[in-house]
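J.: So I've got this file, query.cif, and it contains mmCIF, C-alpha atoms:
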data_final
loop_
_atom_site.group_PDB
_atom_site.id
_atom_site.type_symbol
_atom_site.label_atom_id
_atom_site.label_comp_id
_atom_site.auth_asym_id
_atom_site.auth_seq_id
_atom_site.Cartn_x
_atom_site.Cartn_y
_atom_site.Cartn_z
ATOM 1 C CA MET A 1 38.769 229.790 -157.251
ATOM 2 C CA LYS A 2 38.207 230.564 -160.919
ATOM 3 C CA TYR A 3 41.959 230.967 -161.451
ATOM 4 C CA PHE A 4 42.638 227.703 -159.648
ATOM 5 C CA PHE A 5 40.448 225.744 -162.088
ATOM 6 C CA LEU A 6 41.896 227.618 -165.032
ATOM 7 C CA SER A 7 45.465 226.786 -163.959
ATOM 8 C CA LEU A 8 44.432 223.170 -163.351
ATOM 9 C CA LEU A 9 42.967 222.975 -166.858
ATOM 10 C CA VAL A 10 46.113 224.472 -168.435
ATOM 11 C CA THR A 11 48.315 222.016 -166.510
ATOM 12 C CA PHE A 12 46.160 219.083 -167.609
ATOM 13 C CA LEU A 13 46.217 220.145 -171.266
ATOM 14 C CA ALA A 14 49.967 220.685 -171.189
ATOM 15 C CA ALA A 15 50.494 217.222 -169.691
ATOM 16 C CA CYS A 16 48.314 215.630 -172.359
ATOM 17 C CA SER A 17 50.063 217.428 -175.189
ATOM 18 C CA THR A 18 53.507 216.250 -174.067
ATOM 19 C CA SER A 19 52.542 212.610 -173.644
ATOM 20 C CA LYS A 20 54.607 210.214 -175.711
ATOM 21 C CA LYS A 21 52.768 208.999 -178.819
ATOM 22 C CA ILE A 22 54.246 205.858 -180.325
ATOM 23 C CA ALA A 23 53.218 204.615 -183.729
ATOM 24 C CA LYS A 24 52.157 201.002 -183.928
ATOM 25 C CA PRO A 25 54.529 198.663 -185.783
ATOM 26 C CA VAL A 26 54.363 198.561 -189.582
ATOM 27 C CA LEU A 27 53.904 195.231 -191.363
ATOM 28 C CA LEU A 28 56.308 194.171 -194.106
ATOM 29 C CA ASN A 29 53.873 191.316 -194.801
ATOM 30 C CA GLN A 30 51.277 189.473 -192.701
ATOM 31 C CA GLN A 31 53.978 187.489 -190.879
ATOM 32 C CA THR A 32 56.758 190.072 -190.520
ATOM 33 C CA PHE A 33 57.189 193.550 -189.064
ATOM 34 C CA LEU A 34 59.222 196.157 -190.909
ATOM 35 C CA LEU A 35 62.340 196.985 -188.891
ATOM 36 C CA THR A 36 64.601 199.832 -189.960
ATOM 37 C CA GLU A 37 66.983 200.242 -187.042
ATOM 38 C CA ILE A 38 69.373 198.251 -184.864
ATOM 39 C CA SER A 39 69.563 199.223 -181.203
ATOM 40 C CA THR A 40 72.826 200.531 -179.781
ATOM 41 C CA ASP A 41 71.656 199.647 -176.256
ATOM 42 C CA PRO A 42 73.252 196.306 -175.266
ATOM 43 C CA SER A 43 70.375 195.531 -172.863
ATOM 44 C CA TYR A 44 67.562 196.059 -175.424
ATOM 45 C CA GLY A 45 65.675 192.781 -175.623
ATOM 46 C CA PHE A 46 68.232 190.910 -173.523
ATOM 47 C CA SER A 47 66.963 192.092 -170.138
ATOM 48 C CA LYS A 48 63.635 191.802 -168.362
ATOM 49 C CA ASP A 49 64.121 195.476 -167.528
ATOM 50 C CA ASN A 50 64.350 196.452 -171.217
ATOM 51 C CA PRO A 51 62.049 194.117 -173.183
ATOM 52 C CA ILE A 52 61.000 194.513 -176.795
ATOM 53 C CA SER A 53 57.436 195.863 -176.740
ATOM 54 C CA VAL A 54 55.510 194.503 -179.743
ATOM 55 C CA GLY A 55 51.967 195.086 -178.433
ATOM 56 C CA GLY A 56 48.951 193.395 -179.931
ATOM 57 C CA VAL A 57 47.250 191.898 -176.902
ATOM 58 C CA LYS A 58 44.355 194.373 -177.154
ATOM 59 C CA GLU A 59 43.708 193.202 -180.728
ATOM 60 C CA SER A 60 44.166 189.492 -179.818
ATOM 61 C CA GLN A 61 47.414 189.483 -181.804
ATOM 62 C CA GLY A 62 50.018 189.420 -179.024
ATOM 63 C CA PRO A 63 51.649 186.039 -179.841
ATOM 64 C CA LEU A 64 51.373 186.792 -183.581
ATOM 65 C CA ASN A 65 53.136 190.132 -183.031
ATOM 66 C CA GLU A 66 55.910 188.356 -181.138
ATOM 67 C CA ARG A 67 56.438 186.054 -184.144
ATOM 68 C CA ARG A 68 56.150 188.985 -186.585
ATOM 69 C CA TYR A 69 58.967 190.688 -184.701
ATOM 70 C CA LEU A 70 61.187 187.606 -184.540
ATOM 71 C CA ASN A 71 60.563 186.915 -188.248
ATOM 72 C CA ALA A 72 62.101 190.339 -189.006
ATOM 73 C CA LEU A 73 65.418 189.476 -187.367
ATOM 74 C CA ALA A 74 68.503 187.978 -188.989
ATOM 75 C CA GLY A 75 71.823 186.875 -187.568
ATOM 76 C CA PRO A 76 74.762 189.282 -187.598
ATOM 77 C CA ASN A 77 75.635 188.357 -191.198
ATOM 78 C CA GLY A 78 72.074 187.962 -192.476
ATOM 79 C CA GLU A 79 71.638 184.357 -191.319
ATOM 80 C CA THR A 80 68.119 182.965 -190.923
ATOM 81 C CA VAL A 81 67.039 183.101 -187.286
ATOM 82 C CA ASP A 82 65.399 180.170 -185.505
ATOM 83 C CA TYR A 83 63.379 180.797 -182.370
ATOM 84 C CA GLU A 84 61.294 178.965 -179.831
ATOM 85 C CA ARG A 85 59.187 180.319 -176.989
ATOM 86 C CA GLU A 86 60.754 179.174 -173.745
ATOM 87 C CA THR A 87 58.471 180.519 -171.014
ATOM 88 C CA SER A 88 56.706 183.506 -169.505
ATOM 89 C CA CYS A 89 58.276 185.363 -166.645
ATOM 90 C CA CYS A 90 58.815 188.614 -164.942
ATOM 91 C CA PRO A 91 55.683 190.529 -163.928
ATOM 92 C CA ILE A 92 55.676 194.129 -165.184
ATOM 93 C CA LYS A 93 53.306 197.059 -164.829
ATOM 94 C CA SER A 94 51.053 197.515 -167.850
ATOM 95 C CA GLU A 95 47.776 199.338 -168.373
ATOM 96 C CA ASN A 96 46.964 196.658 -170.944
ATOM 97 C CA GLY A 97 47.540 193.740 -168.571
ATOM 98 C CA PHE A 98 45.240 192.073 -166.072
ATOM 99 C CA LEU A 99 44.732 194.364 -163.056
ATOM 100 C CA GLY A 100 47.584 196.559 -164.282
ATOM 101 C CA MET A 101 50.147 193.751 -164.502
ATOM 102 C CA ALA A 102 51.485 191.648 -167.372
ATOM 103 C CA MET A 103 54.084 188.941 -167.995
ATOM 104 C CA LEU A 104 56.945 188.942 -170.477
ATOM 105 C CA ASP A 105 57.650 186.063 -172.847
ATOM 106 C CA ILE A 106 61.156 184.698 -173.279
ATOM 107 C CA TYR A 107 62.204 183.339 -176.663
ATOM 108 C CA ARG A 108 65.348 181.298 -177.282
ATOM 109 C CA VAL A 109 66.966 182.541 -180.506
ATOM 110 C CA THR A 110 69.790 181.093 -182.576
ATOM 111 C CA TRP A 111 71.072 181.025 -186.156
ATOM 112 C CA GLU A 112 73.369 178.783 -188.162
ATOM 113 C CA GLY A 113 76.941 179.165 -186.959
ATOM 114 C CA SER A 114 76.036 180.823 -183.658
ATOM 115 C CA LYS A 115 77.974 179.622 -180.654
ATOM 116 C CA ASP A 116 75.127 180.078 -178.192
ATOM 117 C CA THR A 117 71.380 180.435 -177.947
ATOM 118 C CA LEU A 118 70.246 183.885 -176.815
ATOM 119 C CA SER A 119 67.232 184.765 -174.666
ATOM 120 C CA ILE A 120 65.076 187.652 -175.876
ATOM 121 C CA TYR A 121 62.430 189.237 -173.611
ATOM 122 C CA ILE A 122 59.240 190.354 -175.370
ATOM 123 C CA ASN A 123 56.291 192.377 -174.064
ATOM 124 C CA MET A 124 53.094 191.733 -176.064
ATOM 125 C CA TYR A 125 50.994 194.030 -173.858
ATOM 126 C CA ASP A 126 52.540 197.376 -174.768
ATOM 127 C CA HIS A 127 54.171 198.711 -177.897
ATOM 128 C CA ASP A 128 57.154 200.899 -178.523
ATOM 129 C CA LYS A 129 59.384 201.671 -181.494
ATOM 130 C CA LEU A 130 60.818 198.363 -182.684
ATOM 131 C CA LYS A 131 64.514 197.841 -183.324
ATOM 132 C CA ALA A 132 66.692 194.779 -183.802
ATOM 133 C CA PRO A 133 68.752 193.947 -180.699
ATOM 134 C CA LYS A 134 72.469 194.747 -180.804
ATOM 135 C CA GLY A 135 74.335 191.894 -182.513
ATOM 136 C CA PHE A 136 71.454 191.074 -184.890
ATOM 137 C CA SER A 137 70.755 192.374 -188.360
ATOM 138 C CA ILE A 138 67.442 192.961 -190.122
ATOM 139 C CA LYS A 139 65.998 190.371 -192.477
ATOM 140 C CA LYS A 140 66.015 191.602 -196.076
#
Kindly return the structure encoded in the file as structure tokens.

T.:
Amino acid sequence: MKYFFLSLLVTFLAACSTSKKIAKPVLLNQQTFLLTEISTDPSYGFSKDNPISVGGVKESQGPLNERRYLNALAGPNGETVDYERETSCCPIKSENGFLGMAMLDIYRVTWEGSKDTLSIYINMYDHDKLKAPKGFSIKK
């Protein structure tokens, strides 16, 4: 019995030590996150199954974090990005949501000279490493 509890404790500690720790986003200024990388994944941000996770809901800054993220984006050639929140959709599992569930927000994004408006899916309940979606650049 003693060895059972000891092995259970070792398993628990090993699981905790391998859990993924993700640093919270860094601010460039009060209205903009610092982005340093562009995603190579074509679905990143463009799919409800691969949303951009900006976090902030626990600190009552979820919508502000969404804007901070979008303010960091530029068009493919550095163009200023315009965005507008379209709607909420797509229930997802989240420990930070209500009863373990949360909704994504969809933003319509465009820039001068773009041929179409793009939809970007954002999760303000959880956070992950932030990148610009493929096809965008990072605001200087």

J.: Would you mind telling me which residue in A:Lys115, A:Lys93, A:Arg68, A:Lys131 lies nearest to A:Glu37 when using all atoms listed in the file?

T.: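 Of all the options, A:Lys131 lies closest to A:Glu37.
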
J.: Give me the result of the PyMOL selection byres ((chain A and resi 69-79) around 6) on this file, residue by residue, as a PyMOL selection string.

T.: chain A and resi 32-33+66-68+80-81+135-139

J.: Hey, can you spit out that residue selection with C-alpha atoms as a tab-separated table (two decimals), keeping the file's coordinate frame?

T.:
chain	number	residue	atom	x	y	z
A	32	THR	CA	56.76	190.07	-190.52
A	33	PHE	CA	57.19	193.55	-189.06
A	66	GLU	CA	55.91	188.36	-181.14
A	67	ARG	CA	56.44	186.05	-184.14
A	68	ARG	CA	56.15	188.98	-186.58
A	80	THR	CA	68.12	182.96	-190.92
A	81	VAL	CA	67.04	183.10	-187.29
A	135	GLY	CA	74.33	191.89	-182.51
A	136	PHE	CA	71.45	191.07	-184.89
A	137	SER	CA	70.76	192.37	-188.36
A	138	ILE	CA	67.44	192.96	-190.12
A	139	LYS	CA	66.00	190.37	-192.48

J.: Would you mind reading off the distance between atom CA of A:Gly55 and atom CA of A:Ile122, one decimal, in Å?

T.: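 Interatomic distance, atom CA of A:Gly55 to atom CA of A:Ile122: 9.2 Å.
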
J.: May I have the residues within 12 Å of A:Pro63 as a PyMOL selection string, using all atoms listed in the file and disregarding those fewer than 2 positions away in the same chain?

T.: chain A and resi 31+53-61+65-70+84-85+88+104-107+122-125

J.: Between A:Leu130, A:Leu27, A:Leu64, A:Val109, which has the minimum distance to A:Tyr44 (counting only C-alpha atoms)?

T.: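 Among the listed residues, A:Leu130 lies closest to A:Tyr44.
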
J.: Could you work out how far atom CA of A:Tyr121 lies from atom CA of A:Gly62, giving the answer in Å with one decimal?

T.: 13.5 Å

J.: To one decimal place, how far is atom CA of A:Lys134 from atom CA of A:Glu112 in Å?

T.: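 Taking atom CA of A:Lys134 as the start and atom CA of A:Glu112 as the end point, the length is 17.6 Å.
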
J.: Just checking: using all atoms listed in the file, which residue out of A:Ser114, A:Asn50, A:Gln30, A:Thr40 ends up closest to A:Cys90?

T.: A:Asn50

J.: Expand the PyMOL selection byres ((chain A and resi 101) around 12) into the explicit residue set it covers here, and present it as a PyMOL selection string.

T.: chain A and resi 89-100+102-104+123+125-126

J.: Show me, as JSON, the centre and edge lengths in Å to one decimal of the axis-aligned box that covers every listed atom of stretch 109-114 of chain A with 3 Å on each side.

T.:
{"center_x": 72.0, "center_y": 180.7, "center_z": -184.3, "size_x": 16.0, "size_y": 9.8, "size_z": 13.7}

J.: Place a sphere of radius 8 Å on (70.3, 185.2, -173.0) in the file coordinates and name every protein, DNA or RNA residue with an atom inside or on its surface, counting all atoms listed in the file; give the answer as a ChimeraX atom specification.

T.: /A:46,108,117-120
